[in-house]
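Enquirer: Take a look at final.cif, mmCIF, C-alpha atoms:
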```cif
data_coords
loop_
_atom_site.label_atom_id
_atom_site.label_comp_id
_atom_site.auth_asym_id
_atom_site.auth_seq_id
_atom_site.Cartn_x
_atom_site.Cartn_y
_atom_site.Cartn_z
CA MET A 1 -99.83 9.33 -9.34
CA GLU A 2 -96.58 7.36 -9.26
CA LYS A 3 -94.09 7.89 -6.45
CA THR A 4 -90.87 9.74 -7.35
CA GLU A 5 -87.65 10.61 -5.55
CA TRP A 6 -87.40 13.75 -3.40
CA TYR A 7 -84.64 15.33 -1.39
CA LEU A 8 -85.32 16.73 2.08
CA GLU A 9 -82.71 18.62 4.07
CA TYR A 10 -83.39 20.14 7.47
CA GLU A 11 -81.33 21.86 10.15
CA LEU A 12 -81.65 20.97 13.80
CA GLN A 13 -82.76 23.86 15.97
CA TYR A 14 -82.98 21.71 19.09
CA ASN A 15 -81.57 18.19 18.92
CA ARG A 16 -83.67 16.47 21.53
CA PRO A 17 -83.65 12.66 21.98
CA GLY A 18 -86.15 10.86 19.75
CA LEU A 19 -86.45 13.65 17.19
CA LEU A 20 -85.36 11.50 14.27
CA GLY A 21 -87.81 8.81 15.36
CA ASP A 22 -90.64 11.35 15.41
CA ILE A 23 -89.77 12.54 11.91
CA SER A 24 -89.56 8.96 10.66
CA SER A 25 -92.97 8.22 12.19
CA LEU A 26 -94.41 11.32 10.49
CA LEU A 27 -93.06 10.15 7.14
CA GLY A 28 -94.54 6.71 7.72
CA MET A 29 -98.00 8.14 8.50
CA LEU A 30 -97.84 10.10 5.22
CA SER A 31 -96.84 6.92 3.32
CA ILE A 32 -93.46 8.44 2.44
CA ASN A 33 -90.61 5.94 2.09
CA ILE A 34 -87.10 6.76 3.30
CA ILE A 35 -84.50 5.62 0.76
CA SER A 36 -81.46 6.86 2.69
CA ILE A 37 -80.51 9.36 5.38
CA ASN A 38 -77.27 10.94 6.52
CA GLY A 39 -75.80 14.02 8.10
CA VAL A 40 -74.72 16.37 5.30
CA ALA A 41 -73.27 19.25 7.37
CA ALA A 42 -73.02 20.41 10.96
CA ALA A 43 -76.50 20.06 12.51
CA ARG A 44 -78.03 19.22 9.12
CA ARG A 45 -79.57 15.97 7.93
CA GLY A 46 -80.40 15.00 4.38
CA MET A 47 -82.93 12.40 3.28
CA LEU A 48 -83.73 10.79 -0.03
CA LEU A 49 -87.42 10.03 -0.07
CA LEU A 50 -89.85 8.18 -2.32
CA SER A 51 -93.25 9.86 -2.39
CA ARG A 52 -96.05 11.44 -4.35
CA GLU A 53 -96.06 15.21 -4.67
CA GLU A 54 -99.21 15.70 -2.59
CA GLU A 55 -97.65 13.89 0.38
CA ILE A 56 -94.53 16.05 0.06
CA THR A 57 -96.72 19.17 0.11
CA ARG A 58 -98.43 17.95 3.29
CA LEU A 59 -95.08 17.05 4.84
CA LYS A 60 -93.71 20.51 4.12
CA SER A 61 -96.69 22.25 5.71
CA ILE A 62 -96.43 20.10 8.85
CA MET A 63 -92.66 20.47 9.24
CA GLN A 64 -92.90 24.25 8.91
CA THR A 65 -94.85 24.28 12.18
CA MET A 66 -92.12 22.38 14.08
CA ASP A 67 -89.81 24.53 16.22
CA THR A 68 -87.15 21.81 16.61
CA ILE A 69 -86.11 21.82 12.93
CA GLU A 70 -85.95 24.20 9.97
CA ILE A 71 -86.45 22.98 6.41
CA LYS A 72 -83.55 24.02 4.15
CA LYS A 73 -84.33 22.11 0.96
CA ILE A 74 -87.20 20.03 -0.32
CA ARG A 75 -87.01 19.29 -4.03
CA LYS A 76 -86.39 16.71 -6.71
CA PRO A 77 -82.86 15.46 -5.95
CA LYS A 78 -79.87 16.81 -7.83
CA LEU A 79 -76.68 14.81 -8.27
CA ARG A 80 -74.99 16.78 -5.48
CA ASP A 81 -77.90 15.96 -3.14
CA LYS A 82 -77.58 12.22 -3.75
CA LEU A 83 -73.83 12.28 -3.24
CA ALA A 84 -74.20 14.36 -0.07
CA VAL A 85 -76.48 11.73 1.46
CA ARG A 86 -74.22 8.92 0.22
CA HIS A 87 -70.97 10.42 1.53
CA GLY A 88 -72.13 12.60 4.41
CA ARG A 89 -71.18 16.01 3.02
CA TYR A 90 -71.65 18.26 0.03
CA ILE A 91 -69.20 18.56 -2.83
CA GLN A 92 -67.61 22.01 -2.78
CA SER A 93 -68.40 24.20 -5.76
CA ASP A 94 -66.90 27.51 -6.82
CA ALA A 95 -68.91 30.50 -5.60
CA ASP A 96 -68.34 32.40 -8.86
CA ASN A 97 -68.66 29.49 -11.29
CA ARG A 98 -71.28 26.93 -10.35
CA LYS A 99 -70.03 24.33 -12.83
CA THR A 100 -66.58 24.20 -11.16
CA PHE A 101 -66.20 21.60 -8.40
CA ARG A 102 -63.27 21.35 -6.01
CA PHE A 103 -61.76 18.24 -4.44
CA VAL A 104 -58.64 17.40 -2.45
CA ARG A 105 -56.72 14.15 -2.64
CA ASP A 106 -58.43 12.82 0.50
CA ASP A 107 -61.73 13.09 -1.43
CA LEU A 108 -60.76 10.68 -4.23
CA GLY A 109 -63.58 8.29 -3.33
CA ILE A 110 -66.18 11.07 -3.62
CA LEU A 111 -64.54 12.39 -6.80
CA VAL A 112 -64.67 8.97 -8.46
CA ASP A 113 -68.31 8.57 -7.45
CA PHE A 114 -69.15 12.05 -8.77
CA MET A 115 -67.48 11.50 -12.14
CA ALA A 116 -68.99 8.02 -12.48
CA GLU A 117 -72.47 9.54 -12.16
CA LEU A 118 -71.58 12.10 -14.85
CA PHE A 119 -70.20 9.38 -17.12
CA LYS A 120 -73.42 7.35 -16.85
CA LYS A 121 -75.39 10.12 -18.53
CA GLU A 122 -75.87 9.63 -22.26
CA GLY A 123 -74.83 12.10 -24.91
CA HIS A 124 -72.10 14.68 -25.28
CA LYS A 125 -70.35 15.88 -22.14
CA LEU A 126 -67.15 17.92 -22.11
CA ILE A 127 -65.44 17.72 -18.73
CA GLY A 128 -62.22 19.47 -17.75
CA ILE A 129 -59.99 18.45 -14.85
CA ARG A 130 -57.28 20.67 -13.38
CA GLY A 131 -54.50 19.65 -11.02
CA MET A 132 -50.77 19.39 -10.46
CA PRO A 133 -48.77 16.30 -11.50
CA ARG A 134 -49.21 13.07 -9.51
CA VAL A 135 -52.30 14.28 -7.68
CA GLY A 136 -54.47 11.49 -9.15
CA LYS A 137 -56.32 13.08 -12.07
CA THR A 138 -55.96 10.35 -14.69
CA GLU A 139 -56.29 7.52 -12.17
CA SER A 140 -59.57 9.01 -10.91
CA VAL A 141 -60.94 9.32 -14.45
CA VAL A 142 -60.07 5.69 -15.21
CA ALA A 143 -61.57 4.47 -11.91
CA ALA A 144 -64.78 6.43 -12.59
CA SER A 145 -64.93 4.94 -16.09
CA VAL A 146 -64.77 1.44 -14.63
CA SER A 147 -67.47 2.32 -12.10
CA ALA A 148 -69.68 3.69 -14.89
CA ASN A 149 -68.99 0.62 -17.06
CA LYS A 150 -67.43 2.78 -19.77
CA ARG A 151 -64.55 1.87 -22.04
CA TRP A 152 -61.88 4.57 -21.82
CA LEU A 153 -59.46 5.55 -24.60
CA PHE A 154 -56.36 7.70 -24.23
CA VAL A 155 -56.15 10.16 -27.11
CA SER A 156 -53.19 11.83 -25.40
CA SER A 157 -51.79 11.05 -21.98
CA THR A 158 -48.75 10.74 -19.72
CA LEU A 159 -50.11 8.03 -17.42
CA LEU A 160 -47.38 5.51 -18.28
CA LYS A 161 -45.58 7.03 -21.24
CA GLN A 162 -46.40 9.95 -23.42
CA THR A 163 -49.16 8.78 -25.71
CA ILE A 164 -50.35 10.69 -28.76
CA ARG A 165 -52.81 9.04 -31.11
CA ASN A 166 -53.30 10.12 -34.69
CA GLU A 167 -56.14 7.75 -35.57
CA LEU A 168 -58.64 5.33 -34.07
CA ILE A 169 -59.70 1.95 -35.35
CA LYS A 170 -63.32 1.49 -36.40
CA ASP A 171 -64.61 0.01 -33.13
CA GLU A 172 -63.15 2.90 -31.16
CA TYR A 173 -65.56 5.40 -32.74
CA ASN A 174 -68.38 4.66 -30.34
CA HIS A 175 -70.64 7.00 -28.37
CA ASP A 176 -70.42 4.64 -25.39
CA ASN A 177 -66.65 5.14 -25.15
CA LEU A 178 -64.98 7.76 -22.98
CA TYR A 179 -62.16 9.77 -24.53
CA ILE A 180 -59.32 11.17 -22.39
CA ILE A 181 -57.24 14.06 -23.73
CA ASP A 182 -54.24 15.65 -22.01
CA GLY A 183 -54.31 19.33 -23.00
CA ILE A 184 -50.60 19.83 -22.40
CA VAL A 185 -49.42 16.75 -24.34
CA SER A 186 -51.66 17.60 -27.27
CA THR A 187 -50.61 21.26 -27.26
CA ARG A 188 -46.87 20.67 -26.92
CA ARG A 189 -46.23 17.51 -28.92
CA ALA A 190 -49.07 16.82 -31.36
CA ASN A 191 -49.18 17.15 -35.15
CA GLU A 192 -52.05 18.10 -37.46
CA GLN A 193 -53.22 14.46 -37.75
CA HIS A 194 -53.71 14.36 -34.00
CA TRP A 195 -55.72 17.59 -34.00
CA GLN A 196 -57.86 16.29 -36.84
CA LEU A 197 -58.59 13.22 -34.70
CA ILE A 198 -59.55 15.45 -31.76
CA ARG A 199 -61.92 17.42 -33.99
CA GLU A 200 -63.58 14.15 -35.07
CA ILE A 201 -63.90 12.97 -31.47
CA MET A 202 -65.43 16.28 -30.42
CA GLN A 203 -68.24 15.68 -32.92
CA LEU A 204 -69.17 12.35 -31.32
CA PRO A 205 -72.12 12.30 -28.85
CA ALA A 206 -69.84 10.87 -26.18
CA ILE A 207 -68.03 11.83 -22.97
CA LYS A 208 -64.75 13.70 -23.41
CA VAL A 209 -62.47 14.40 -20.45
CA VAL A 210 -59.74 17.00 -20.96
CA GLU A 211 -56.91 17.22 -18.46
CA HIS A 212 -55.46 20.74 -18.21
CA PRO A 213 -58.40 22.41 -20.01
CA ASP A 214 -56.78 25.87 -19.72
CA MET A 215 -53.95 24.75 -22.00
CA PHE A 216 -56.38 22.95 -24.32
CA VAL A 217 -58.45 26.07 -25.01
CA GLN A 218 -55.30 28.04 -25.90
CA ALA A 219 -54.65 25.69 -28.83
CA THR A 220 -58.23 25.22 -30.04
CA ALA A 221 -61.36 27.17 -30.86
CA TYR A 222 -62.99 25.94 -27.66
CA LYS A 223 -63.53 28.16 -24.64
CA LEU A 224 -63.84 27.27 -20.97
CA ASP A 225 -67.53 28.19 -21.26
CA ASP A 226 -67.93 25.21 -23.62
CA PHE A 227 -67.12 22.79 -20.79
CA ASP A 228 -70.09 21.30 -18.98
CA TYR A 229 -68.07 20.70 -15.81
CA ILE A 230 -64.66 21.77 -14.53
CA ILE A 231 -63.12 19.65 -11.76
CA GLU A 232 -60.19 20.86 -9.66
CA LEU A 233 -58.12 18.32 -7.72
CA ARG A 234 -55.51 19.43 -5.18
CA SER A 235 -53.19 17.69 -2.73
CA ASP A 236 -54.62 19.99 -0.05
CA GLU A 237 -56.99 22.94 0.02
CA ASP A 238 -54.20 25.53 -0.07
CA GLU A 239 -52.37 24.12 -3.09
CA GLU A 240 -52.15 26.49 -6.06
CA ILE A 241 -52.69 25.00 -9.50
CA THR A 242 -50.06 26.50 -11.80
CA TYR A 243 -48.79 25.51 -15.22
CA GLU A 244 -45.24 26.87 -14.85
CA PRO A 245 -43.69 23.59 -13.57
CA LEU A 246 -45.57 21.66 -16.24
CA ASN A 247 -44.30 23.95 -18.99
CA ASN A 248 -40.74 23.58 -17.73
CA ASN A 249 -41.04 19.79 -17.86
CA PHE A 250 -42.20 19.88 -21.45
CA SER A 251 -39.49 22.27 -22.52
CA GLN A 252 -36.86 19.62 -21.79
CA GLU A 253 -36.22 16.11 -23.01
CA ASP A 254 -37.37 14.42 -19.83
CA GLY A 255 -36.74 10.79 -20.70
CA PHE A 256 -40.32 9.91 -21.62
CA SER A 257 -40.80 7.95 -24.80
CA MET A 258 -43.71 8.64 -27.09
CA PHE A 259 -46.23 6.29 -28.68
CA ASN A 260 -47.38 7.60 -32.06
CA PHE A 261 -50.42 5.63 -33.19
#
```
For the structure just supplied, provide its representation as structure tokens.
Expert:
Amino acid sequence: MEKTEWYLEYELQYNRPGLLGDISSLLGMLSINIISINGVAAARRGMLLLSREEEITRLKSIMQTMDTIEIKKIRKPKLRDKLAVRHGRYIQSDADNRKTFRFVRDDLGILVDFMAELFKKEGHKLIGIRGMPRVGKTESVVAASVSANKRWLFVSSTLLKQTIRNELIKDEYNHDNLYIIDGIVSTRRANEQHWQLIREIMQLPAIKVVEHPDMFVQATAYKLDDFDYIIELRSDEDEEITYEPLNNNFSQEDGFSMFNF
């Protein structure tokens, strides 16, 4: 049987000197390779392992007899597991909605890494990202696209100037591209040609990222349940995400010029 990746997480009950060395020696005796290891929470360590299932079963039975540690997880690794080992802590998810993930501005490196891993997956993905102005939403999406080696296209945006596209050229209809839609710009300023383009893009087996998804669903037949992931980005943990300031900005002529493609 071929070796596969596994994730092991354990909590220290008694952190005596040499404990990690003993665990590493045990893994070596069972012919289990350590890919990476890191602390993932207070008194918890996470390991990415390469092993056959029978060795993992033996490891689990042995570790359950040890009074210095307690096994918390031993499974095929999820994306959050890999990122936890890579960055030293778990991504925070919403307790009531498991597909909603929360970040603060200090976490931009983890956020970019997380989105890049999502972007690397083939096929349709609809991702929403919430956040106040100038918190780094669009910049993070673009950086993650570069990391994932994806070509990004602004369907609507305010990154430099207000951009609203009404059509794409032939080469831009590609399932390897990543399409970025600003829900507020599209809702407030777009015409029927733009919405027809969005409907076409939604049919493509490609990644779509919608900024301000709550505004987007108000103007379309989509619901928040249709999103595969919702990402929330705040300046700090206590910041409230509200659309009132954004609506006020769009109710005035604010000096932005508009590109109509």
Enquirer: Please provide the set of residues having any atom within 10 Å of Trp195 of chain A, restricted to only C-alpha atoms, with same-chain residues fewer than 2 positions apart removed, written as a list of chain:residue names.
Expert: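 Neighbouring residues, sequence-local ones excluded: A:Arg165, A:Asn166, A:Glu167, A:Ser186, A:Thr187, A:Ala190, A:Asn191, A:Glu192, A:Gln193, A:Leu197, A:Ile198, A:Arg199, A:Glu200, A:Ile201, A:Ala219, A:Thr220.
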Enquirer: What would the file look like if the residues just selected were written as an mmCIF file, keeping the file's coordinate frame with C-alpha atoms?
Expert:
```cif
data_model
loop_
_atom_site.group_PDB
_atom_site.id
_atom_site.type_symbol
_atom_site.label_atom_id
_atom_site.label_comp_id
_atom_site.auth_asym_id
_atom_site.auth_seq_id
_atom_site.Cartn_x
_atom_site.Cartn_y
_atom_site.Cartn_z
ATOM 1 C CA ARG A 165 -52.810 9.040 -31.110
ATOM 2 C CA ASN A 166 -53.300 10.120 -34.690
ATOM 3 C CA GLU A 167 -56.140 7.750 -35.570
ATOM 4 C CA SER A 186 -51.660 17.600 -27.270
ATOM 5 C CA THR A 187 -50.610 21.260 -27.260
ATOM 6 C CA ALA A 190 -49.070 16.820 -31.360
ATOM 7 C CA ASN A 191 -49.180 17.150 -35.150
ATOM 8 C CA GLU A 192 -52.050 18.100 -37.460
ATOM 9 C CA GLN A 193 -53.220 14.460 -37.750
ATOM 10 C CA LEU A 197 -58.590 13.220 -34.700
ATOM 11 C CA ILE A 198 -59.550 15.450 -31.760
ATOM 12 C CA ARG A 199 -61.920 17.420 -33.990
ATOM 13 C CA GLU A 200 -63.580 14.150 -35.070
ATOM 14 C CA ILE A 201 -63.900 12.970 -31.470
ATOM 15 C CA ALA A 219 -54.650 25.690 -28.830
ATOM 16 C CA THR A 220 -58.230 25.220 -30.040
#
```
Enquirer: Quick check, in Å to one decimal: how far apart do atom CA of Thr4 of chain A and atom CA of Ser51 of chain A lie?
Expert: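 A separation of 5.5 Å between them.
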Enquirer: Applying the PyMOL selection byres ((chain A and resi 145-152) around 7) to the file I just gave you, which residues come out? Please list them as a ChimeraX atom specification.
Expert: /A:116,119-120,141-144,153-154,176-179
Enquirer: Translate the PyMOL selection byres ((chain A and resi 29-33) around 6) into a concrete residue list for this structure, as an MDAnalysis selection string.
Expert: chainID A and resid 26:28 34 49:51
Enquirer: Give the answer as one residue: which of A:Leu79, A:Asp225, A:Glu232, A:Gly183 has the shortest atom-to-atom distance to Ser140 of chain A, using only C-alpha atoms?
Expert: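 Using only C-alpha atoms, Ser140 of chain A sits closest to A:Glu232.
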Enquirer: Could you check the closest approach to Ile71 of chain A for each of A:Val209, A:Leu8, A:Leu118, A:Met1 and tell me which residue wins, using only C-alpha atoms?
Expert: A:Leu8
Enquirer: Taking the file as shown, find all residues satisfying the PyMOL selection byres ((chain A and resi 189) around 10) and write them as a tab-separated table (two decimals) with C-alpha atoms, in the frame of the given file.
Expert:
```
chain	number	residue	atom	x	y	z
A	156	SER	CA	-53.19	11.83	-25.40
A	162	GLN	CA	-46.40	9.95	-23.42
A	163	THR	CA	-49.16	8.78	-25.71
A	164	ILE	CA	-50.35	10.69	-28.76
A	184	ILE	CA	-50.60	19.83	-22.40
A	185	VAL	CA	-49.42	16.75	-24.34
A	186	SER	CA	-51.66	17.60	-27.27
A	187	THR	CA	-50.61	21.26	-27.26
A	188	ARG	CA	-46.87	20.67	-26.92
A	190	ALA	CA	-49.07	16.82	-31.36
A	191	ASN	CA	-49.18	17.15	-35.15
A	194	HIS	CA	-53.71	14.36	-34.00
A	250	PHE	CA	-42.20	19.88	-21.45
A	258	MET	CA	-43.71	8.64	-27.09
```
Enquirer: Restricting the calculation to only C-alpha atoms, which member of A:Arg102, A:Lys170, A:Lys78, A:Arg58 is positioned closest to Ile241 of chain A?
Expert: A:Arg102
Enquirer: So which residues touch Thr68 of chain A within 7 Å, counting only C-alpha atoms, skipping near sequence neighbours fewer than 6 positions away, as a VMD selection string?
Expert: chain A and resid 12 to 14
Enquirer: So, counting all atoms listed in the file, which residue among A:Ser25, A:Asn174, A:Gln218, A:Ser61 is closest to Ile74 of chain A?
Expert: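 Using all atoms listed in the file, the shortest distance to Ile74 of chain A belongs to A:Ser61.
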Enquirer: Counting all atoms listed in the file, which of A:Leu159, A:Ile110, A:Met63, A:Ala41 gets nearest to Glu139 of chain A?
Expert: A:Leu159
Enquirer: Would you mind telling me which residue in A:Arg80, A:Arg86, A:Lys137, A:Lys208 lies nearest to Val155 of chain A when using all atoms listed in the file?
Expert: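 Ranking A:Arg80, A:Arg86, A:Lys137, A:Lys208 by distance to Val155 of chain A, first place goes to A:Lys208.
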Enquirer: Skipping near chain neighbours, those fewer than 3 positions away, what residues fall within 12 Å of Asp81 of chain A using all atoms listed in the file, listed as a VMD selection string?
Expert: chain A and resid 5 to 9 36 to 41 45 to 49 73 to 78 84 to 92 114
Enquirer: Could you jot down the atom CA of Ser235 of chain A to atom CA of Lys121 of chain A separation for me, Å, one decimal place?
Expert: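 According to the coordinates, atom CA of Ser235 of chain A and atom CA of Lys121 of chain A are separated by 28.3 Å.
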Enquirer: Excluding same-chain residues fewer than 5 positions from His212 of chain A, what lies within 9 Å of it counting only C-alpha atoms, as a ChimeraX atom specification?
Expert: /A:128-131,181-184,243
Enquirer: Between atom CA of Ala42 of chain A and atom CA of Tyr10 of chain A, measure the distance and give it in Å to one decimal.
Expert: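 Going from atom CA of Ala42 of chain A over to atom CA of Tyr10 of chain A covers 10.9 Å.
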